[in-house]
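Worksheet for the structure shown next.
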Amino acid sequence: DVAQLSEQLHFEKDNARALICENNAFLADVSHQLKTPLAGMRLYCEMAQQTADEKTGKCLEKQLELLDRTDKLIFDLLRLEKLRSDGYELLLSDENMGNLCQSVCNELRDIYPHKHFSVLGTATLHCDRQWMFEAISNIVKNACEHTDEQGKIDITVSRGETAVFIYICDNGGGMPEDRKDRLFERFYRGGNTGQGGFGLGLAISRAVTERHHGTLGAENYKDGMRFIM
């Protein structure tokens, strides 16, 4: 019975691995099939710009902006689906999460110079630095977009008995309880941020966290939102 069960488990594992490979191949095909016509459209717009009058030139410039947005949307969506299907190999190392969070804030401080960032605490986490940096950056960027010009974003890092905790708090006023659970859905935007986002950043952050055997949630806290990773 044990041998039969072991054989069944190996069979299911092989099936899962085959499905992942098939899904990754599909994503690669989709990426290629979408990006090829987009590149062609970009080329024709740029060629047309060389002989266009002022009015037509503005229209072509707008088309190029839309092509940029479409290209980024496809890129982010394919990365999210590949993450969720275990299509990326994580490059794991021991990382100081306090320093990593500080690096995130330093990068975003150039984009949001009037925001107030703070990082407290530290803990070592065995993780993929690049993906974890992006996951935290997406959450902090979301907090920046939903606070006023002088908004505050506070990050606290701590170690529990079995996990590392990262708390990211803002003072943006929070959001209605009935909409809070939708924050991590693809394409969901909790409000008009005016930043031209697609609503994929938090979904990517949750997928990255889950790939690291963690959880990511959010709650209304004091005068804003608190994300708990």
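Following the order of the structure tokens, first chain is A, next is B, and so on, with residues numbered from 1 inside each chain and ligands from 1 in the order they appear.
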Considering only C-alpha atoms, return as a PyMOL selection string whatever protein or nucleic-acid residues lie within 9 Å of range 113-115 of chain A, sequence-local ones (same chain, fewer than 4 positions apart) excluded.
-> chain A and resi 108-109+144+147-153
Might you pull out every residue within 9 Å of Phe133 in chain A, with only C-alpha atoms counted and same-chain residues fewer than 2 positions away left off, and present them as a VMD selection string?
-> chain A and resid 100 to 101 103 to 104 128 to 131 135 to 138
Just to be explicit: take each residue in the selection above, keep all heavy atoms, and write the result as a compact mmCIF listing (two decimals), in the first residue's frame.
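Saved result, out-v4.txt, follows:
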# COMPACT_ATOMS: atom_id res chain seq x y z
N LEU A 100 16.92 46.05 3.04
CA LEU A 100 16.20 45.96 1.77
C LEU A 100 15.05 46.96 1.74
O LEU A 100 14.82 47.64 0.73
CB LEU A 100 15.69 44.53 1.56
CG LEU A 100 15.12 44.21 0.18
CD1 LEU A 100 15.48 42.79 -0.23
CD2 LEU A 100 13.61 44.38 0.15
N CYS A 101 14.31 47.06 2.84
CA CYS A 101 13.20 48.02 2.92
C CYS A 101 13.71 49.46 2.81
O CYS A 101 13.07 50.31 2.19
CB CYS A 101 12.42 47.83 4.22
SG CYS A 101 11.44 46.31 4.28
N SER A 103 16.32 50.36 1.12
CA SER A 103 16.66 50.54 -0.29
C SER A 103 15.42 50.86 -1.11
O SER A 103 15.46 51.70 -2.03
CB SER A 103 17.35 49.28 -0.83
OG SER A 103 18.57 49.05 -0.18
N VAL A 104 14.31 50.20 -0.79
CA VAL A 104 13.04 50.50 -1.47
C VAL A 104 12.65 51.95 -1.26
O VAL A 104 12.30 52.67 -2.20
CB VAL A 104 11.92 49.56 -0.96
CG1 VAL A 104 10.56 50.05 -1.44
CG2 VAL A 104 12.16 48.13 -1.43
N ASP A 128 14.59 35.52 -2.36
CA ASP A 128 15.12 36.06 -3.61
C ASP A 128 15.08 37.57 -3.50
O ASP A 128 14.01 38.17 -3.46
CB ASP A 128 14.27 35.58 -4.78
CG ASP A 128 14.83 36.00 -6.14
OD1 ASP A 128 15.00 37.23 -6.35
OD2 ASP A 128 15.07 35.13 -6.99
N ARG A 129 16.25 38.20 -3.44
CA ARG A 129 16.31 39.63 -3.18
C ARG A 129 15.56 40.45 -4.22
O ARG A 129 14.81 41.36 -3.88
CB ARG A 129 17.77 40.10 -3.11
CG ARG A 129 17.89 41.61 -2.91
CD ARG A 129 19.33 42.09 -2.85
NE ARG A 129 19.37 43.54 -2.76
CZ ARG A 129 19.24 44.23 -1.63
NH1 ARG A 129 19.08 43.58 -0.49
NH2 ARG A 129 19.27 45.55 -1.63
N GLN A 130 15.74 40.13 -5.49
CA GLN A 130 15.12 40.92 -6.55
C GLN A 130 13.59 40.86 -6.50
O GLN A 130 12.92 41.89 -6.58
CB GLN A 130 15.61 40.43 -7.93
CG GLN A 130 15.04 41.23 -9.09
CD GLN A 130 15.58 40.76 -10.43
OE1 GLN A 130 16.58 40.06 -10.49
NE2 GLN A 130 14.91 41.16 -11.49
N TRP A 131 13.06 39.66 -6.33
CA TRP A 131 11.61 39.53 -6.28
C TRP A 131 11.04 40.15 -5.00
O TRP A 131 9.99 40.79 -5.03
CB TRP A 131 11.20 38.06 -6.39
CG TRP A 131 11.18 37.52 -7.77
CD1 TRP A 131 11.99 36.57 -8.31
CD2 TRP A 131 10.29 37.93 -8.83
NE1 TRP A 131 11.67 36.35 -9.62
CE2 TRP A 131 10.63 37.16 -9.98
CE3 TRP A 131 9.25 38.85 -8.92
CZ2 TRP A 131 9.95 37.30 -11.19
CZ3 TRP A 131 8.58 38.98 -10.13
CH2 TRP A 131 8.93 38.21 -11.25
N ALA A 135 8.27 43.08 -4.58
CA ALA A 135 7.04 42.88 -3.81
C ALA A 135 6.82 44.01 -2.81
O ALA A 135 5.72 44.57 -2.70
CB ALA A 135 7.08 41.53 -3.10
N ILE A 136 7.87 44.34 -2.07
CA ILE A 136 7.76 45.42 -1.08
C ILE A 136 7.60 46.76 -1.77
O ILE A 136 6.80 47.61 -1.35
CB ILE A 136 8.99 45.41 -0.15
CG1 ILE A 136 9.02 44.10 0.66
CG2 ILE A 136 8.98 46.61 0.79
CD1 ILE A 136 10.30 43.89 1.43
N SER A 137 8.34 46.97 -2.85
CA SER A 137 8.26 48.23 -3.59
C SER A 137 6.85 48.49 -4.11
O SER A 137 6.35 49.61 -4.05
CB SER A 137 9.26 48.21 -4.75
OG SER A 137 9.21 49.42 -5.47
N ASN A 138 6.17 47.46 -4.60
CA ASN A 138 4.80 47.62 -5.10
C ASN A 138 3.86 48.09 -3.99
O ASN A 138 2.99 48.93 -4.21
CB ASN A 138 4.29 46.31 -5.68
CG ASN A 138 4.93 45.95 -7.01
OD1 ASN A 138 5.51 46.80 -7.67
ND2 ASN A 138 4.83 44.70 -7.39
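Using only C-alpha atoms, the nearest neighbour of Lys141 in chain A within the list A:Asp170, A:Glu89, A:Glu46, A:Glu7 is A:Asp170.
Omitting Phe165 in chain A and its sequence neighbours fewer than 2 positions away, and counting only C-alpha atoms, the residues within 9 Å are A:Ala123, A:Thr156, A:Val157, A:Ser158, A:Arg159, A:Gly160, A:Ala163, A:Tyr167, A:Ile228, A:Met229.
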Hey, can you check how far CA of Ile166 in chain A sits from CA of Arg79 in chain A?
-> 23.5 Å
What are the DSSP alpha helix (DSSP H) residues of range 51-227 of chain A, as a PyMOL selection string?
-> chain A and resi 54-84+97-111+129-145+177-180+201-211
Which one of A:His10, A:His146, A:Lys35, A:His126 sits closest to Gly172 in chain A if you count only C-alpha atoms?
-> A:His146
